[in-house]
file coords-v2.csv (CSV, C-alpha atoms)
chain,number,residue,atom,x,y,z
L,1,MET,CA,-2.9,33.9,23.3
L,2,GLU,CA,0.6,34.2,21.8
L,3,ALA,CA,1.1,32.2,18.6
L,4,VAL,CA,3.4,29.2,18.9
L,5,ALA,CA,5.7,28.0,16.1
L,6,PRO,CA,4.6,24.5,14.8
L,7,LEU,CA,6.4,21.6,16.4
L,8,THR,CA,8.7,19.6,14.2
L,9,ASN,CA,11.0,16.7,14.4
L,10,ALA,CA,12.4,14.0,12.1
L,11,VAL,CA,9.2,11.8,12.3
L,12,LEU,CA,6.9,14.7,11.6
L,13,GLU,CA,9.0,15.9,8.8
L,14,ALA,CA,9.1,12.5,7.2
L,15,ILE,CA,5.3,12.2,7.4
L,16,LYS,CA,4.9,15.6,5.7
L,17,SER,CA,7.6,15.2,3.1
L,18,ARG,CA,6.7,11.7,1.9
L,19,ARG,CA,5.1,11.5,-1.5
L,20,SER,CA,3.5,8.7,-3.5
L,21,ILE,CA,5.9,8.2,-6.4
L,22,GLY,CA,4.9,6.0,-9.3
L,23,ARG,CA,7.6,6.8,-11.8
L,24,LEU,CA,10.5,4.4,-11.0
L,25,THR,CA,13.7,3.2,-12.6
L,26,ASP,CA,14.4,-0.5,-13.2
L,27,GLU,CA,16.9,-0.6,-10.3
L,28,ARG,CA,15.7,-3.1,-7.7
L,29,PRO,CA,16.0,-2.3,-4.0
L,30,ALA,CA,18.3,-4.5,-2.0
L,31,ARG,CA,16.7,-7.3,-0.1
L,32,VAL,CA,17.9,-5.9,3.2
L,33,GLN,CA,16.0,-2.7,2.3
L,34,VAL,CA,12.8,-4.6,1.6
L,35,GLU,CA,13.2,-6.6,4.8
L,36,ALA,CA,13.6,-3.4,6.7
L,37,ILE,CA,10.4,-2.0,5.2
L,38,ILE,CA,8.4,-5.1,6.1
L,39,ASP,CA,9.9,-5.1,9.6
L,40,ALA,CA,8.6,-1.5,9.9
L,41,ALA,CA,5.2,-2.7,8.8
L,42,ILE,CA,4.9,-5.3,11.6
L,43,HIS,CA,5.5,-2.6,14.2
L,44,ALA,CA,2.2,-1.1,13.3
L,45,PRO,CA,-0.5,-1.0,16.1
L,46,ASN,CA,-2.7,-4.0,16.4
L,47,HIS,CA,-5.5,-4.1,19.1
L,48,HIS,CA,-5.2,-7.7,20.3
L,49,HIS,CA,-1.6,-8.4,19.1
L,50,THR,CA,-2.9,-11.0,16.7
L,51,HIS,CA,-0.2,-10.3,14.0
L,52,PRO,CA,-2.6,-10.7,11.0
L,53,TRP,CA,-0.1,-9.2,8.5
L,54,ARG,CA,1.0,-11.2,5.4
L,55,PHE,CA,3.3,-10.0,2.6
L,56,VAL,CA,4.1,-11.4,-0.8
L,57,VAL,CA,7.2,-9.8,-2.4
L,58,ILE,CA,7.1,-10.0,-6.2
L,59,ALA,CA,10.1,-9.2,-8.3
L,60,GLY,CA,11.8,-10.1,-11.6
L,61,ASP,CA,9.9,-12.5,-13.9
L,62,ALA,CA,7.4,-13.3,-11.2
L,63,ARG,CA,5.8,-9.9,-11.7
L,64,GLN,CA,4.3,-10.8,-15.0
L,65,GLY,CA,3.0,-14.1,-13.7
L,66,ALA,CA,1.5,-12.4,-10.7
L,67,GLY,CA,-0.1,-9.8,-13.0
L,68,GLU,CA,-2.2,-12.6,-14.4
L,69,ALA,CA,-4.0,-12.6,-11.1
L,70,LEU,CA,-5.0,-9.0,-11.8
L,71,ALA,CA,-6.3,-10.0,-15.2
L,72,ALA,CA,-8.2,-12.9,-13.9
L,73,SER,CA,-9.9,-10.7,-11.4
L,74,LEU,CA,-10.8,-8.3,-14.2
L,75,ASN,CA,-12.4,-11.2,-16.1
L,76,ARG,CA,-14.4,-12.3,-13.1
L,77,ARG,CA,-15.8,-8.8,-12.5
L,78,ALA,CA,-16.8,-8.6,-16.2
L,79,ILE,CA,-18.6,-11.9,-15.9
L,80,VAL,CA,-20.5,-10.8,-12.8
L,81,SER,CA,-21.6,-7.7,-14.6
L,82,GLY,CA,-22.6,-9.6,-17.7
L,83,GLY,CA,-20.0,-8.2,-19.9
L,84,THR,CA,-16.7,-9.2,-21.5
L,85,VAL,CA,-13.2,-7.8,-21.3
L,86,ASP,CA,-11.4,-6.2,-24.2
L,87,PRO,CA,-8.2,-8.1,-24.9
L,88,THR,CA,-6.1,-4.9,-24.9
L,89,LEU,CA,-7.5,-3.9,-21.5
L,90,ARG,CA,-6.8,-7.4,-20.1
L,91,ALA,CA,-3.2,-7.3,-21.4
L,92,ASN,CA,-2.7,-3.9,-19.8
L,93,GLU,CA,-4.0,-5.2,-16.5
L,94,ALA,CA,-1.6,-8.2,-16.6
L,95,MET,CA,1.3,-5.9,-17.2
L,96,LYS,CA,0.7,-3.5,-14.3
L,97,PHE,CA,3.2,-5.1,-11.9
L,98,LEU,CA,6.0,-4.4,-14.5
L,99,ARG,CA,5.7,-0.7,-13.5
L,100,ALA,CA,7.9,-1.3,-10.5
L,101,PRO,CA,10.9,-3.6,-9.9
L,102,VAL,CA,9.3,-4.8,-6.7
L,103,VAL,CA,5.6,-5.1,-5.8
L,104,ILE,CA,4.6,-6.1,-2.3
L,105,VAL,CA,1.1,-7.6,-1.8
L,106,ALA,CA,0.1,-6.4,1.7
L,107,ALA,CA,-2.7,-8.4,3.2
L,108,VAL,CA,-4.2,-9.6,6.5
L,109,GLU,CA,-5.3,-13.1,7.4
L,110,PRO,CA,-8.1,-12.5,9.9
L,111,THR,CA,-7.8,-14.1,13.3
L,112,PRO,CA,-10.9,-16.2,14.2
L,113,GLY,CA,-13.1,-14.4,16.7
L,114,GLU,CA,-11.4,-11.0,16.1
L,115,PRO,CA,-13.3,-8.1,14.5
L,116,LEU,CA,-12.4,-8.0,10.8
L,117,ASP,CA,-12.4,-4.2,10.7
L,118,GLU,CA,-9.7,-4.1,13.4
L,119,GLU,CA,-7.5,-6.6,11.5
L,120,VAL,CA,-7.9,-4.6,8.3
L,121,ALA,CA,-7.1,-1.4,10.1
L,122,ALA,CA,-3.9,-3.0,11.4
L,123,GLY,CA,-3.1,-3.8,7.8
L,124,ALA,CA,-3.6,-0.2,6.7
L,125,ALA,CA,-1.4,1.0,9.5
L,126,ALA,CA,1.3,-1.5,8.4
L,127,VAL,CA,1.2,-0.1,4.8
L,128,GLN,CA,1.6,3.5,6.1
L,129,ASN,CA,4.7,2.3,8.0
L,130,MET,CA,6.0,0.7,4.8
L,131,LEU,CA,5.6,4.0,2.9
L,132,LEU,CA,7.4,5.9,5.6
L,133,ALA,CA,10.2,3.4,5.9
L,134,ALA,CA,10.7,3.4,2.1
L,135,HIS,CA,10.8,7.2,2.2
L,136,SER,CA,13.4,7.2,5.0
L,137,LEU,CA,15.6,4.8,2.9
L,138,GLY,CA,15.5,7.1,-0.1
L,139,LEU,CA,13.2,4.8,-2.1
L,140,ALA,CA,10.0,5.5,-3.9
L,141,ALA,CA,6.7,3.8,-3.1
L,142,VAL,CA,3.1,4.1,-3.9
L,143,TRP,CA,0.1,2.3,-2.3
L,144,ARG,CA,-2.3,1.0,-5.0
L,145,THR,CA,-5.7,-0.6,-4.4
L,146,GLY,CA,-8.4,-0.9,-7.0
L,147,ALA,CA,-11.1,-3.4,-7.6
L,148,THR,CA,-8.8,-6.4,-7.3
L,149,VAL,CA,-8.4,-5.9,-3.5
L,150,ARG,CA,-12.2,-6.2,-3.2
L,151,ASP,CA,-12.3,-9.4,-5.1
L,152,PRO,CA,-12.8,-12.3,-2.6
L,153,GLN,CA,-11.0,-14.7,-4.9
L,154,ALA,CA,-7.9,-12.7,-5.5
L,155,ALA,CA,-6.0,-13.5,-2.3
L,156,ALA,CA,-5.8,-17.2,-3.1
L,157,GLU,CA,-4.2,-16.4,-6.4
L,158,PHE,CA,-1.4,-14.7,-4.6
L,159,GLY,CA,-0.8,-17.8,-2.5
L,160,LEU,CA,-2.6,-16.3,0.6
L,161,ALA,CA,-5.3,-18.0,2.6
L,162,ALA,CA,-8.7,-17.8,0.9
L,163,GLU,CA,-10.1,-15.7,3.7
L,164,ALA,CA,-7.3,-13.2,3.5
L,165,VAL,CA,-8.1,-9.6,2.7
L,166,ILE,CA,-5.7,-7.7,0.4
L,167,VAL,CA,-5.1,-4.2,1.8
L,168,GLY,CA,-3.2,-3.1,-1.2
L,169,PHE,CA,-0.2,-3.4,-3.5
L,170,VAL,CA,2.9,-1.4,-2.6
L,171,TYR,CA,5.0,-0.6,-5.7
L,172,LEU,CA,8.6,-0.1,-4.6
L,173,GLY,CA,11.7,1.1,-6.3
L,174,THR,CA,14.0,4.0,-7.0
L,175,PRO,CA,12.6,7.4,-8.1
L,176,ASP,CA,13.0,8.3,-11.7
L,177,PRO,CA,15.3,11.4,-11.5
L,178,THR,CA,13.8,12.7,-14.7
L,179,THR,CA,10.3,13.0,-13.3
L,180,PRO,CA,9.8,15.7,-10.7
L,181,PRO,CA,7.6,14.7,-7.8
L,182,LYS,CA,4.0,15.9,-7.9
L,183,PRO,CA,3.0,18.5,-5.4
L,184,ARG,CA,1.2,17.2,-2.5
L,185,PRO,CA,-2.6,17.8,-2.6
L,186,ALA,CA,-3.8,20.4,-0.2
L,187,ARG,CA,-4.8,19.2,3.2
L,188,PRO,CA,-7.8,20.7,5.1
L,189,ASP,CA,-7.4,23.4,7.7
L,190,LEU,CA,-7.2,21.7,11.2
L,191,ALA,CA,-9.9,24.0,12.5
L,192,SER,CA,-12.4,22.7,9.9
L,193,ILE,CA,-12.0,19.1,10.9
L,194,THR,CA,-11.3,19.2,14.6
L,195,ARG,CA,-13.5,19.8,17.6
L,196,TRP,CA,-11.9,20.5,21.1
L,197,ASP,CA,-14.2,19.4,23.9
L,198,GLY,CA,-13.3,20.5,27.4
L,199,TRP,CA,-9.9,22.0,26.3
L,200,THR,CA,-8.9,25.2,28.1
L,201,ASP,CA,-5.7,27.2,27.8
call {"tool": "encode", "arguments": {"input": "coords-v2.csv", "output": "structure tokens"}}
result
Amino acid sequence: MEAVAPLTNAVLEAIKSRRSIGRLTDERPARVQVEAIIDAAIHAPNHHHTHPWRFVVIAGDARQGAGEALAASLNRRAIVSGGTVDPTLRANEAMKFLRAPVVIVAAVEPTPGEPLDEEVAAGAAAVQNMLLAAHSLGLAAVWRTGATVRDPQAAAEFGLAAEAVIVGFVYLGTPDPTTPPKPRPARPDLASITRWDGWTD
């Protein structure tokens, strides 16, 4: 069979060229840009149209206050494991949100009677839309997770319903022009991860 050149278009190129960028300037994105990114998020697929998405946009001085939720989660995990938290480590945890001018807490509030895994999957799809939207606007974004998102008490500390599940924290801003983007990690060969059943050419 004759080799065919790979298909390409603007969407496919955006997916392939997007990078997670953690080195940001202090320049805060415009509110209209953040709203566009969240609007992209809620166009993610969702099985039963339950709209479980919830977003908390944190900027300015609120970042340090919100960072205390990260530190509190660290303390709780230490207590559960029977240990204590080094004060320097706790201080560093509380300052994490200062790494970006805007941090968006992305979460889902599960709909009663709906499978939780489907609601969380809709949240993950929303975050991917956010990353692509930020990229399309010339902004930098990185999706961070970590142990805090698995802390069942953390959601309430961000003003979300107690039963909410945090999908991640999206750090958003303007790329630092002095820091070149990291090369994208190698992806697997399609043939190694794909099986074609019943396909004939």
call {"tool": "closest_residue", "arguments": {"input": "coords-v2.csv", "among": "L:His135, L:Lys96, L:Arg150, L:Arg90", "to": "Val34 (chain L)", "atoms": "all atoms listed in the file"}}
result
L:His135
call {"tool": "residues_around", "arguments": {"input": "coords-v2.csv", "residues": "region 97-111 of chain L", "least_positions_apart": "5", "cutoff": "7 Å", "atoms": "only C-alpha atoms", "output": "PyMOL selection string"}}
result
chain L and resi 24+26-28+50+52-60+63-64+67+116+119-120+123+161+163-173
call {"tool": "residues_around", "arguments": {"input": "coords-v2.csv", "residues": "Thr84 (chain L)", "least_positions_apart": "3", "cutoff": "8 Å", "atoms": "only C-alpha atoms", "output": "list of chain:residue names"}}
result
L:Asn75, L:Ala78, L:Ile79
call {"tool": "closest_residue", "arguments": {"input": "coords-v2.csv", "among": "L:His49, L:Lys16, L:Arg187, L:Arg23", "to": "Val142 (chain L)", "atoms": "all atoms listed in the file"}}
result
L:Arg23
call {"tool": "atom_distance", "arguments": {"input": "coords-v2.csv", "atom1": "CA of Leu139 (chain L)", "atom2": "CA of Glu93 (chain L)"}}
result
24.6 Å
call {"tool": "residues_around", "arguments": {"input": "coords-v2.csv", "residues": "Gln33 (chain L)", "least_positions_apart": "4", "cutoff": "8 Å", "atoms": "all atoms listed in the file", "output": "PDB file with C-alpha atoms, in the frame of the given file"}}
result
ATOM      1  CA  PRO L  29      16.000  -2.300  -4.000  1.00  0.00           C
ATOM      2  CA  ILE L  37      10.400  -2.000   5.200  1.00  0.00           C
ATOM      3  CA  LEU L 137      15.600   4.800   2.900  1.00  0.00           C
TER       4      LEU L 137
END
call {"tool": "closest_residue", "arguments": {"input": "coords-v2.csv", "among": "L:Ile21, L:Ala41, L:Val11, L:Val80", "to": "Val127 (chain L)", "atoms": "all atoms listed in the file"}}
result
L:Ala41
call {"tool": "decode", "arguments": {"input": "coords-v2.csv", "residues": "region 40-76 of chain L", "atoms": "C-alpha atoms", "output": "short mmCIF file (atom, residue, chain, number, x, y, z; two decimals), in the first residue's frame"}}
result
data_model
loop_
_atom_site.label_atom_id
_atom_site.label_comp_id
_atom_site.auth_asym_id
_atom_site.auth_seq_id
_atom_site.Cartn_x
_atom_site.Cartn_y
_atom_site.Cartn_z
CA ALA L 40 -13.63 26.02 26.45
CA ALA L 41 -13.52 23.74 29.49
CA ILE L 42 -17.28 23.41 29.74
CA HIS L 43 -17.48 22.29 26.13
CA ALA L 44 -15.77 19.05 27.11
CA PRO L 45 -17.72 15.81 26.58
CA ASN L 46 -19.90 14.67 29.45
CA HIS L 47 -21.91 11.44 29.24
CA HIS L 48 -25.24 12.47 30.76
CA HIS L 49 -24.90 16.26 30.36
CA THR L 50 -24.68 16.69 34.11
CA HIS L 51 -22.35 19.72 34.01
CA PRO L 52 -20.28 18.68 37.05
CA TRP L 53 -17.49 21.22 36.45
CA ARG L 54 -16.52 23.76 39.07
CA PHE L 55 -13.69 26.30 38.85
CA VAL L 56 -12.08 28.56 41.42
CA VAL L 57 -9.90 31.30 39.89
CA ILE L 58 -7.19 32.49 42.27
CA ALA L 59 -5.08 35.58 41.61
CA GLY L 60 -3.29 38.38 43.41
CA ASP L 61 -3.02 38.21 47.18
CA ALA L 62 -5.58 35.38 47.28
CA ARG L 63 -2.89 33.02 46.00
CA GLN L 64 -1.00 32.99 49.27
CA GLY L 65 -4.16 32.52 51.29
CA ALA L 66 -5.26 29.66 49.06
CA GLY L 67 -1.80 28.16 49.36
CA GLU L 68 -2.53 27.59 53.03
CA ALA L 69 -4.97 24.91 51.88
CA LEU L 70 -2.03 23.07 50.34
CA ALA L 71 -0.07 23.39 53.57
CA ALA L 72 -3.03 22.21 55.65
CA SER L 73 -3.37 19.17 53.43
CA LEU L 74 0.32 18.43 53.90
CA ASN L 75 -0.16 18.61 57.69
CA ARG L 76 -3.12 16.21 57.57
#
